[in-house]
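run10.json follows; it contains JSON, C-alpha atoms.
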```
[["chain", "number", "residue", "atom", "x", "y", "z"],
["A", 1, "MET", "CA", 33.59, 61.19, 98.90],
["A", 2, "PRO", "CA", 36.26, 61.53, 101.58],
["A", 3, "ILE", "CA", 35.36, 59.92, 104.88],
["A", 4, "LEU", "CA", 36.45, 62.97, 106.90],
["A", 5, "ILE", "CA", 33.89, 65.16, 105.11],
["A", 6, "LEU", "CA", 31.12, 62.65, 105.78],
["A", 7, "LEU", "CA", 32.11, 62.41, 109.44],
["A", 8, "SER", "CA", 32.15, 66.21, 109.70],
["A", 9, "ALA", "CA", 28.67, 66.35, 108.18],
["A", 10, "THR", "CA", 27.50, 63.72, 110.67],
["A", 11, "MET", "CA", 28.91, 65.75, 113.54],
["A", 12, "LEU", "CA", 27.33, 68.99, 112.34],
["A", 13, "ILE", "CA", 23.91, 67.38, 111.87],
["A", 14, "GLN", "CA", 24.01, 65.99, 115.41],
["A", 15, "PHE", "CA", 25.34, 69.32, 116.69],
["A", 16, "VAL", "CA", 22.27, 71.05, 115.30],
["A", 17, "GLU", "CA", 19.82, 68.59, 116.84],
["A", 18, "SER", "CA", 21.50, 68.71, 120.24],
["A", 19, "ALA", "CA", 21.70, 72.49, 120.27],
["A", 20, "ILE", "CA", 18.00, 72.88, 119.43],
["A", 21, "ILE", "CA", 16.16, 70.11, 121.30],
["A", 22, "PRO", "CA", 16.47, 71.58, 124.82],
["A", 23, "TYR", "CA", 14.99, 74.87, 123.66],
["A", 24, "VAL", "CA", 11.99, 73.55, 121.77],
["A", 25, "SER", "CA", 9.95, 73.57, 124.98],
["A", 26, "LEU", "CA", 11.00, 77.16, 125.71],
["A", 27, "MET", "CA", 9.98, 78.22, 122.21],
["A", 28, "ILE", "CA", 6.62, 76.49, 122.66],
["A", 29, "LYS", "CA", 6.15, 78.29, 125.98],
["A", 30, "TYR", "CA", 6.91, 81.56, 124.21],
["A", 31, "LEU", "CA", 4.48, 80.81, 121.34],
["A", 32, "LEU", "CA", 1.69, 79.33, 123.46],
["A", 33, "PHE", "CA", -0.95, 81.76, 124.71],
["A", 34, "SER", "CA", -1.78, 79.71, 127.80],
["A", 35, "GLU", "CA", 0.59, 77.60, 129.86],
["A", 36, "HIS", "CA", -2.32, 75.28, 130.66],
["A", 37, "TYR", "CA", -1.45, 72.98, 127.73],
["A", 38, "LEU", "CA", 2.32, 73.54, 127.79],
["A", 39, "THR", "CA", 3.32, 70.00, 128.75],
["A", 40, "ILE", "CA", 1.13, 68.22, 126.21],
["A", 41, "MET", "CA", 1.98, 70.66, 123.42],
["A", 42, "THR", "CA", 5.70, 70.29, 124.17],
["A", 43, "GLY", "CA", 5.35, 66.52, 123.97],
["A", 44, "ILE", "CA", 3.46, 66.65, 120.70],
["A", 45, "VAL", "CA", 5.71, 69.19, 119.00],
["A", 46, "SER", "CA", 8.85, 67.43, 120.25],
["A", 47, "ALA", "CA", 7.57, 64.11, 118.85],
["A", 48, "LEU", "CA", 6.69, 65.47, 115.40],
["A", 49, "PRO", "CA", 10.18, 65.12, 113.87],
["A", 50, "GLY", "CA", 10.37, 61.51, 115.03],
["A", 51, "VAL", "CA", 6.93, 60.74, 113.59],
["A", 52, "ALA", "CA", 7.86, 62.35, 110.27],
["A", 53, "THR", "CA", 11.18, 60.50, 110.12],
["A", 54, "ALA", "CA", 9.48, 57.16, 110.84],
["A", 55, "VAL", "CA", 6.78, 57.76, 108.23],
["A", 56, "PHE", "CA", 9.03, 59.13, 105.48],
["A", 57, "ALA", "CA", 12.30, 57.18, 105.97],
["A", 58, "THR", "CA", 11.33, 54.38, 103.61],
["A", 59, "PHE", "CA", 10.11, 56.85, 100.98],
["A", 60, "VAL", "CA", 13.34, 58.87, 101.21],
["A", 61, "GLY", "CA", 15.35, 55.64, 100.94],
["A", 62, "LYS", "CA", 13.49, 54.68, 97.77],
["A", 63, "MET", "CA", 14.07, 58.15, 96.37],
["A", 64, "SER", "CA", 17.80, 57.82, 97.01],
["A", 65, "SER", "CA", 17.84, 54.55, 95.08],
["A", 66, "HIS", "CA", 16.21, 56.34, 92.17],
["A", 67, "PHE", "CA", 17.97, 59.74, 92.20],
["A", 68, "GLY", "CA", 21.21, 58.98, 94.05],
["A", 69, "THR", "CA", 22.25, 59.07, 97.67],
["A", 70, "LEU", "CA", 24.31, 62.25, 97.49],
["A", 71, "LYS", "CA", 21.58, 64.18, 95.66],
["A", 72, "ILE", "CA", 19.00, 63.24, 98.30],
["A", 73, "LEU", "CA", 21.44, 64.10, 101.10],
["A", 74, "LYS", "CA", 22.13, 67.54, 99.62],
["A", 75, "LEU", "CA", 18.42, 68.16, 98.98],
["A", 76, "CYS", "CA", 17.54, 67.24, 102.56],
["A", 77, "GLU", "CA", 20.33, 69.43, 103.92],
["A", 78, "LEU", "CA", 19.16, 72.39, 101.82],
["A", 79, "ALA", "CA", 15.61, 71.82, 103.05],
["A", 80, "ALA", "CA", 16.83, 71.69, 106.67],
["A", 81, "ILE", "CA", 18.83, 74.91, 106.21],
["A", 82, "ILE", "CA", 15.69, 76.70, 105.03],
["A", 83, "ILE", "CA", 13.44, 75.12, 107.66],
["A", 84, "TYR", "CA", 15.75, 76.03, 110.55],
["A", 85, "ALA", "CA", 15.92, 79.63, 109.30],
["A", 86, "LEU", "CA", 12.11, 79.71, 109.15],
["A", 87, "LEU", "CA", 11.90, 78.23, 112.65],
["A", 88, "GLY", "CA", 13.86, 81.24, 113.87],
["A", 89, "MET", "CA", 11.30, 83.60, 112.33],
["A", 90, "THR", "CA", 8.07, 81.90, 113.35],
["A", 91, "THR", "CA", 5.59, 83.52, 115.70],
["A", 92, "SER", "CA", 2.89, 80.87, 115.40],
["A", 93, "LEU", "CA", 2.79, 77.60, 117.33],
["A", 94, "MET", "CA", 1.07, 75.80, 114.45],
["A", 95, "PHE", "CA", 3.68, 77.01, 111.97],
["A", 96, "PHE", "CA", 6.42, 76.01, 114.41],
["A", 97, "ALA", "CA", 4.89, 72.53, 114.76],
["A", 98, "GLY", "CA", 4.57, 72.16, 110.99],
["A", 99, "LEU", "CA", 8.19, 73.13, 110.49],
["A", 100, "ARG", "CA", 9.29, 70.65, 113.15],
["A", 101, "PHE", "CA", 7.43, 67.95, 111.20],
["A", 102, "LEU", "CA", 9.25, 68.99, 108.03],
["A", 103, "ILE", "CA", 12.59, 68.80, 109.87],
["A", 104, "GLY", "CA", 11.74, 65.17, 110.58],
["A", 105, "ILE", "CA", 11.39, 64.51, 106.85],
["A", 106, "ALA", "CA", 14.74, 66.20, 106.20],
["A", 107, "ASN", "CA", 16.29, 64.13, 109.00],
["A", 108, "ALA", "CA", 15.08, 60.98, 107.25],
["A", 109, "GLY", "CA", 17.42, 61.86, 104.40],
["A", 110, "MET", "CA", 20.48, 63.18, 106.18],
["A", 111, "THR", "CA", 22.04, 60.71, 108.61],
["A", 112, "PRO", "CA", 20.92, 57.56, 106.73],
["A", 113, "MET", "CA", 22.30, 58.88, 103.45],
["A", 114, "ILE", "CA", 25.61, 59.70, 105.13],
["A", 115, "GLN", "CA", 25.71, 56.15, 106.49],
["A", 116, "VAL", "CA", 25.18, 54.80, 102.97],
["A", 117, "LEU", "CA", 27.95, 57.00, 101.60],
["A", 118, "LEU", "CA", 30.26, 55.95, 104.43],
["A", 119, "SER", "CA", 29.61, 52.30, 103.65],
["A", 120, "LYS", "CA", 30.62, 52.95, 100.03],
["A", 121, "ALA", "CA", 33.70, 54.97, 101.00],
["A", 122, "SER", "CA", 35.48, 52.19, 102.83],
["A", 123, "ASN", "CA", 35.53, 48.44, 103.07],
["A", 124, "ARG", "CA", 36.30, 48.72, 106.80],
["A", 125, "LEU", "CA", 32.67, 49.12, 107.83],
["A", 126, "SER", "CA", 33.12, 48.47, 111.54],
["A", 127, "THR", "CA", 35.79, 51.15, 111.81],
["A", 128, "VAL", "CA", 33.87, 53.68, 109.71],
["A", 129, "PHE", "CA", 30.60, 53.18, 111.58],
["A", 130, "SER", "CA", 32.42, 53.42, 114.91],
["A", 131, "MET", "CA", 33.98, 56.68, 113.75],
["A", 132, "SER", "CA", 30.52, 57.86, 112.67],
["A", 133, "LEU", "CA", 29.13, 57.14, 116.13],
["A", 134, "SER", "CA", 32.04, 59.05, 117.65],
["A", 135, "ALA", "CA", 31.32, 61.99, 115.35],
["A", 136, "GLN", "CA", 27.65, 61.92, 116.38],
["A", 137, "SER", "CA", 28.63, 61.86, 120.05],
["A", 138, "LEU", "CA", 31.02, 64.79, 119.60],
["A", 139, "GLY", "CA", 28.32, 66.71, 117.76],
["A", 140, "SER", "CA", 25.87, 66.00, 120.56],
["A", 141, "LEU", "CA", 28.35, 67.15, 123.18],
["A", 142, "ALA", "CA", 29.33, 70.31, 121.32],
["A", 143, "GLY", "CA", 25.73, 71.15, 120.42],
["A", 144, "SER", "CA", 24.48, 70.78, 123.98],
["A", 145, "ILE", "CA", 27.27, 72.85, 125.49],
["A", 146, "LEU", "CA", 27.39, 75.58, 122.83],
["A", 147, "GLY", "CA", 23.59, 75.79, 122.63],
["A", 148, "ALA", "CA", 23.34, 76.26, 126.40],
["A", 149, "TYR", "CA", 26.15, 78.80, 126.41],
["A", 150, "LEU", "CA", 24.81, 80.87, 123.53],
["A", 151, "SER", "CA", 21.23, 80.85, 124.81],
["A", 152, "GLN", "CA", 22.39, 82.91, 127.79],
["A", 153, "PHE", "CA", 23.45, 85.79, 125.56],
["A", 154, "MET", "CA", 20.93, 85.86, 122.72],
["A", 155, "PRO", "CA", 17.26, 85.33, 122.00],
["A", 156, "LEU", "CA", 16.27, 81.68, 121.57],
["A", 157, "ASN", "CA", 15.25, 82.13, 117.95],
["A", 158, "ASN", "CA", 18.89, 82.94, 117.10],
["A", 159, "LEU", "CA", 19.79, 79.33, 117.90],
["A", 160, "PHE", "CA", 17.75, 78.31, 114.86],
["A", 161, "TYR", "CA", 19.79, 80.66, 112.69],
["A", 162, "ILE", "CA", 23.00, 79.17, 114.09],
["A", 163, "ALA", "CA", 21.61, 75.70, 113.33],
["A", 164, "SER", "CA", 20.90, 76.79, 109.77],
["A", 165, "GLY", "CA", 24.45, 78.13, 109.47],
["A", 166, "ALA", "CA", 25.97, 74.90, 110.81],
["A", 167, "LEU", "CA", 24.04, 72.89, 108.24],
["A", 168, "MET", "CA", 25.20, 75.32, 105.56],
["A", 169, "ILE", "CA", 28.80, 74.50, 106.54],
["A", 170, "SER", "CA", 27.96, 70.81, 106.22],
["A", 171, "TYR", "CA", 26.41, 71.40, 102.80],
["A", 172, "VAL", "CA", 29.47, 73.32, 101.59],
["A", 173, "LEU", "CA", 31.74, 70.51, 102.83],
["A", 174, "LEU", "CA", 29.67, 67.97, 100.92],
["A", 175, "LYS", "CA", 29.84, 70.10, 97.77],
["A", 176, "LYS", "CA", 33.60, 70.45, 98.18],
["A", 177, "GLY", "CA", 33.95, 66.69, 98.62],
["A", 178, "GLU", "CA", 31.91, 66.12, 95.50],
["A", 179, "LEU", "CA", 34.10, 68.54, 93.52],
["A", 180, "ASP", "CA", 37.29, 66.91, 94.84],
["A", 181, "ASN", "CA", 36.02, 63.51, 93.69],
["A", 182, "SER", "CA", 35.08, 64.80, 90.25],
["A", 183, "THR", "CA", 38.57, 66.23, 89.63],
["A", 184, "ALA", "CA", 40.47, 63.28, 91.10],
["A", 185, "PRO", "CA", 42.31, 61.09, 88.61],
["A", 186, "THR", "CA", 40.61, 57.78, 87.88]]
```
Output the file's structure in the form of structure tokens.
Amino acid sequence: MPILILLSATMLIQFVESAIIPYVSLMIKYLLFSEHYLTIMTGIVSALPGVATAVFATFVGKMSSHFGTLKILKLCELAAIIIYALLGMTTSLMFFAGLRFLIGIANAGMTPMIQVLLSKASNRLSTVFSMSLSAQSLGSLAGSILGAYLSQFMPLNNLFYIASGALMISYVLLKKGELDNSTAPT
């Protein structure tokens, strides 16, 4: 798989996370009936993806060894596309929290799988991983700025639809890269 496609996917994944994270607390405030528990609920719901990633990362890694890294990456991206779209539709704090937990499981299979594919794509690991970190940083920058800009002009739930669309672009790029590899001469 071409390195540029993997770096683009890395950037888009980080873009999504950076665009969404600042607005999770605002969504919780919107979904919570009483602001009395706002701080603790924001902390809990914000931590759920990290908990899920920590718990499921090893399992997802084992699954990639069994089914293939690219298959797991694409499956996790498809799951994240659906979950982000559902996050935009939710009107329940418990449903929102559950979906955030599921995003953590999907995250356990996106960035690590891209790192594995990058390590297979080049023998210049230091350079490739440095480029990957740069792509993540650019995604974080773009996501933070664009998320803040767009949130001024649209309802917050639309950011989740944009996140879903950005991951769809990443998925299409990965599919295109897979097709390019399958038709390349050996």
* Structure fact -> If you count only C-alpha atoms, the residue of A:Leu174, A:Leu146, A:Leu32, A:Val51 closest to Ser8 of chain A turns out to be A:Leu174
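Checking A:Thr111, A:Pro49, A:Ala148, A:Ala57 one by one against Ala135 of chain A, counting all atoms listed in the file, you find the shortest gap at A:Thr111.
Every polymer residue reaching to within 8 Å of (27.8, 66.6, 106.8), counting all atoms listed in the file, appears in this list: Ile5, Leu6, Leu7, Ser8, Ala9, Thr10, Met11, Leu12, Ile13, Ile114, Leu167, Ile169, Ser170, Tyr171, Leu173 and Leu174 of chain A.
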* To do: Show which residues sit within 12 Å of Met168 of chain A, as a PyMOL selection string. Count all atoms listed in the file, and ignore same-chain residues fewer than 3 positions away.
  => chain A and resi 9+12-13+16+74-85+161-165+171-175
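Going from atom CA of Pro155 of chain A to atom CA of Met89 of chain A covers 11.5 Å.
Put simply, atom CA of Leu141 of chain A is 20.6 Å away from atom CA of Asn157 of chain A.
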* Asked: Could you name the residues that touch Val60 of chain A at 9 Å or less, counting all atoms listed in the file, but leaving out those on the same chain fewer than 4 positions away, as a VMD selection string?
  -> chain A and resid 56 64 to 65 72 105 to 106 108 to 109
* To do: Could you check how far atom CA of Ala142 of chain A sits from atom CA of Phe15 of chain A, in Å to one decimal?
  => 6.2 Å
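Minimum atom-to-atom distances from A:Pro2, A:Gly139, A:Gly68, A:Pro22 to Gly177 of chain A were compared using only C-alpha atoms, and the lowest value belongs to A:Pro2.
Proximity ranking of A:Ser119, A:Asn107, A:Thr127, A:Ser151 relative to Gly50 of chain A places A:Asn107 first, based on all atoms listed in the file.
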* Structure fact -> Using only C-alpha atoms, the shortest atom-to-atom distance to Met94 of chain A among A:Ile44, A:Leu4, A:Met154, A:Glu178 belongs to A:Ile44
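If all atoms listed in the file are the atoms counted, then among A:Gln136, A:Thr90, A:Gln115, A:Ser126 the closest residue to Thr69 of chain A is A:Gln115.
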* Asked: Hey, what's within 10 Å of Ile21 of chain A if we count all atoms listed in the file and toss same-chain stuff fewer than 3 positions away? As a ChimeraX atom specification, please?
  -> /A:16-18,24-26,46,143-144,147
Can you write out the residues you just picked, keeping C-alpha atoms, as a PDB file, in the frame of the given file?
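What landed in again-v7.pdb:
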```pdb
ATOM      1  CA  VAL A  16      22.270  71.050 115.300  1.00  0.00           C
ATOM      2  CA  GLU A  17      19.820  68.590 116.840  1.00  0.00           C
ATOM      3  CA  SER A  18      21.500  68.710 120.240  1.00  0.00           C
ATOM      4  CA  VAL A  24      11.990  73.550 121.770  1.00  0.00           C
ATOM      5  CA  SER A  25       9.950  73.570 124.980  1.00  0.00           C
ATOM      6  CA  LEU A  26      11.000  77.160 125.710  1.00  0.00           C
ATOM      7  CA  SER A  46       8.850  67.430 120.250  1.00  0.00           C
ATOM      8  CA  GLY A 143      25.730  71.150 120.420  1.00  0.00           C
ATOM      9  CA  SER A 144      24.480  70.780 123.980  1.00  0.00           C
ATOM     10  CA  GLY A 147      23.590  75.790 122.630  1.00  0.00           C
TER      11      GLY A 147
END
```
* **Residue contacts of Met27 of chain A (9 Å, all atoms listed in the file) excluding same-chain residues fewer than 4 positions away, as a ChimeraX atom specification** => /A:23,31-32,93,96,156-157
Centre and edge lengths, as lines of an AutoDock Vina configuration file, for the axis-aligned box enclosing every listed atom of segment 156-159 of chain A with 8 Å of padding on each of the six sides, in Å to one decimal?
```
center_x = 17.5
center_y = 81.1
center_z = 119.3
size_x = 20.5
size_y = 19.6
size_z = 20.5
```
